[in-house]
file target.tsv (TSV, C-alpha atoms)
chain	number	residue	atom	x	y	z
D	1252	MET	CA	19.39	10.75	16.16
D	1253	PRO	CA	21.02	7.51	14.92
D	1254	GLU	CA	22.57	5.17	17.45
D	1255	LEU	CA	26.36	4.93	17.24
D	1256	LYS	CA	28.33	1.76	17.93
D	1257	MET	CA	32.06	1.26	18.24
D	1258	LEU	CA	34.51	-1.55	17.56
D	1259	SER	CA	37.94	-1.39	19.12
D	1260	LEU	CA	41.17	-3.39	18.88
D	1261	MET	CA	44.52	-2.88	20.58
D	1262	LYS	CA	47.46	-4.44	18.72
D	1263	GLY	CA	50.84	-3.61	20.15
D	1264	HIS	CA	51.10	0.16	20.11
D	1265	GLN	CA	48.30	0.46	17.56
D	1266	HIS	CA	44.68	1.18	18.49
D	1267	TYR	CA	42.06	0.58	15.83
D	1268	CYS	CA	38.65	2.13	16.42
D	1269	PHE	CA	35.65	2.00	14.11
D	1270	ARG	CA	32.56	4.07	14.89
D	1271	TYR	CA	29.45	3.38	12.89
D	1272	GLU	CA	25.71	3.90	12.85
D	1273	VAL	CA	23.37	0.98	13.39
D	1274	GLY	CA	22.47	-0.25	9.91
D	1275	ASP	CA	25.91	0.49	8.43
D	1276	GLU	CA	27.45	-2.85	9.40
D	1277	SER	CA	28.16	-3.82	5.78
D	1278	LYS	CA	30.19	-0.61	5.40
D	1279	VAL	CA	32.23	-1.60	8.45
D	1280	LEU	CA	32.97	-5.01	6.93
D	1281	ASP	CA	34.05	-3.31	3.69
D	1282	ALA	CA	36.34	-0.99	5.68
D	1283	LEU	CA	37.91	-3.96	7.50
D	1284	VAL	CA	38.70	-5.65	4.17
D	1285	GLU	CA	40.15	-2.39	2.87
D	1286	MET	CA	42.38	-2.12	5.97
D	1287	VAL	CA	43.67	-5.68	5.44
D	1288	ASN	CA	44.54	-4.89	1.83
D	1289	GLN	CA	46.57	-1.80	2.76
D	1290	ARG	CA	50.23	-2.72	2.77
D	1291	ASP	CA	51.27	0.16	5.04
D	1292	THR	CA	49.44	-1.20	8.12
D	1293	ASN	CA	49.95	-4.31	10.23
D	1294	PHE	CA	46.18	-4.93	10.32
D	1295	ASP	CA	45.67	-8.51	9.13
D	1296	TRP	CA	42.87	-11.03	8.55
D	1297	PHE	CA	42.97	-12.20	12.16
D	1298	ASP	CA	42.42	-8.61	13.32
D	1299	ALA	CA	39.53	-8.27	10.87
D	1300	ALA	CA	38.04	-11.51	12.20
D	1301	VAL	CA	38.26	-10.26	15.79
D	1302	MET	CA	36.55	-7.01	14.88
D	1303	SER	CA	33.89	-8.72	12.76
D	1304	HIS	CA	33.18	-10.97	15.76
D	1305	GLN	CA	32.60	-7.85	17.85
D	1306	LEU	CA	30.30	-6.59	15.11
D	1307	GLY	CA	28.36	-9.86	15.25
D	1308	GLN	CA	28.00	-9.52	19.01
D	1309	HIS	CA	26.57	-6.03	18.56
D	1310	LEU	CA	24.12	-7.32	15.95
D	1311	ALA	CA	23.04	-10.21	18.18
D	1312	LYS	CA	22.35	-7.79	21.00
D	1313	GLU	CA	20.28	-5.60	18.66
D	1314	LEU	CA	18.28	-8.58	17.40
D	1315	LYS	CA	17.70	-9.93	20.90
D	1316	ALA	CA	15.85	-6.70	21.72
D	1317	TYR	CA	13.23	-7.64	19.10
D	1318	LEU	CA	12.54	-11.13	20.52
D	1319	PRO	CA	9.69	-11.75	22.95
D	1320	LYS	CA	10.94	-11.74	26.54
D	1321	LYS	CA	10.39	-15.52	26.98
D	1322	ALA	CA	12.37	-16.34	23.82
D	1323	ALA	CA	15.28	-14.10	24.75
call {"tool": "encode", "arguments": {"input": "target.tsv", "output": "structure tokens"}}
result
Amino acid sequence: MPELKMLSLMKGHQHYCFRYEVGDESKVLDALVEMVNQRDTNFDWFDAAVMSHQLGQHLAKELKAYLPKKAA
């Protein structure tokens, strides 16, 4: 069963939540860009940057698991 991850952002009364499977990070980035380009939302590039930072933190944690214990 694939591992699921989640990104979350609260902006005013809006709550943005992206759930994705490990390995689908590029799809998440594409979805963030698509959200920015939608004119009917208040999701902007700063919001996308915050969420992509969260994505990077998730990836770093995943990669750290592959390092030898002394290097981590």
call {"tool": "residues_near_point", "arguments": {"input": "target.tsv", "point": "(24.8, -6.3, 17.9)", "cutoff": "12 Å", "atoms": "all atoms listed in the file", "output": "list in words"}}
result
Glu1254, Leu1255, Lys1256, Met1257, Leu1258, Tyr1271, Glu1272, Val1273, Gly1274, Asp1275, Glu1276, Ser1303, His1304, Gln1305, Leu1306, Gly1307, Gln1308, His1309, Leu1310, Ala1311, Lys1312, Glu1313, Leu1314, Lys1315, Ala1316 and Tyr1317 of chain D
call {"tool": "residues_around", "arguments": {"input": "target.tsv", "residues": "Met1302 in chain D", "least_positions_apart": "4", "cutoff": "12 Å", "atoms": "all atoms listed in the file", "output": "mmCIF file with C-alpha atoms, in the coordinates of the input"}}
result
data_model
loop_
_atom_site.group_PDB
_atom_site.id
_atom_site.type_symbol
_atom_site.label_atom_id
_atom_site.label_comp_id
_atom_site.auth_asym_id
_atom_site.auth_seq_id
_atom_site.Cartn_x
_atom_site.Cartn_y
_atom_site.Cartn_z
ATOM 1 C CA MET D 1257 32.060 1.260 18.240
ATOM 2 C CA LEU D 1258 34.510 -1.550 17.560
ATOM 3 C CA SER D 1259 37.940 -1.390 19.120
ATOM 4 C CA LEU D 1260 41.170 -3.390 18.880
ATOM 5 C CA MET D 1261 44.520 -2.880 20.580
ATOM 6 C CA LYS D 1262 47.460 -4.440 18.720
ATOM 7 C CA TYR D 1267 42.060 0.580 15.830
ATOM 8 C CA CYS D 1268 38.650 2.130 16.420
ATOM 9 C CA PHE D 1269 35.650 2.000 14.110
ATOM 10 C CA ARG D 1270 32.560 4.070 14.890
ATOM 11 C CA GLU D 1276 27.450 -2.850 9.400
ATOM 12 C CA VAL D 1279 32.230 -1.600 8.450
ATOM 13 C CA LEU D 1280 32.970 -5.010 6.930
ATOM 14 C CA ALA D 1282 36.340 -0.990 5.680
ATOM 15 C CA LEU D 1283 37.910 -3.960 7.500
ATOM 16 C CA VAL D 1284 38.700 -5.650 4.170
ATOM 17 C CA MET D 1286 42.380 -2.120 5.970
ATOM 18 C CA VAL D 1287 43.670 -5.680 5.440
ATOM 19 C CA PHE D 1294 46.180 -4.930 10.320
ATOM 20 C CA ASP D 1295 45.670 -8.510 9.130
ATOM 21 C CA TRP D 1296 42.870 -11.030 8.550
ATOM 22 C CA PHE D 1297 42.970 -12.200 12.160
ATOM 23 C CA ASP D 1298 42.420 -8.610 13.320
ATOM 24 C CA LEU D 1306 30.300 -6.590 15.110
ATOM 25 C CA GLY D 1307 28.360 -9.860 15.250
ATOM 26 C CA GLN D 1308 28.000 -9.520 19.010
ATOM 27 C CA HIS D 1309 26.570 -6.030 18.560
#
call {"tool": "atom_distance", "arguments": {"input": "target.tsv", "atom1": "CA of Asn1288 in chain D", "atom2": "CA of Val1301 in chain D"}}
result
16.2 Å
call {"tool": "atom_distance", "arguments": {"input": "target.tsv", "atom1": "CA of Met1252 in chain D", "atom2": "CA of Ala1300 in chain D"}}
result
29.3 Å
call {"tool": "axis_aligned_box", "arguments": {"input": "target.tsv", "around": "range 1264-1279 of chain D", "padding_each_side": "5 Å", "output": "lines of an AutoDock Vina configuration file"}}
result
center_x = 36.8
center_y = 0.1
center_z = 12.8
size_x = 38.6
size_y = 17.9
size_z = 24.7
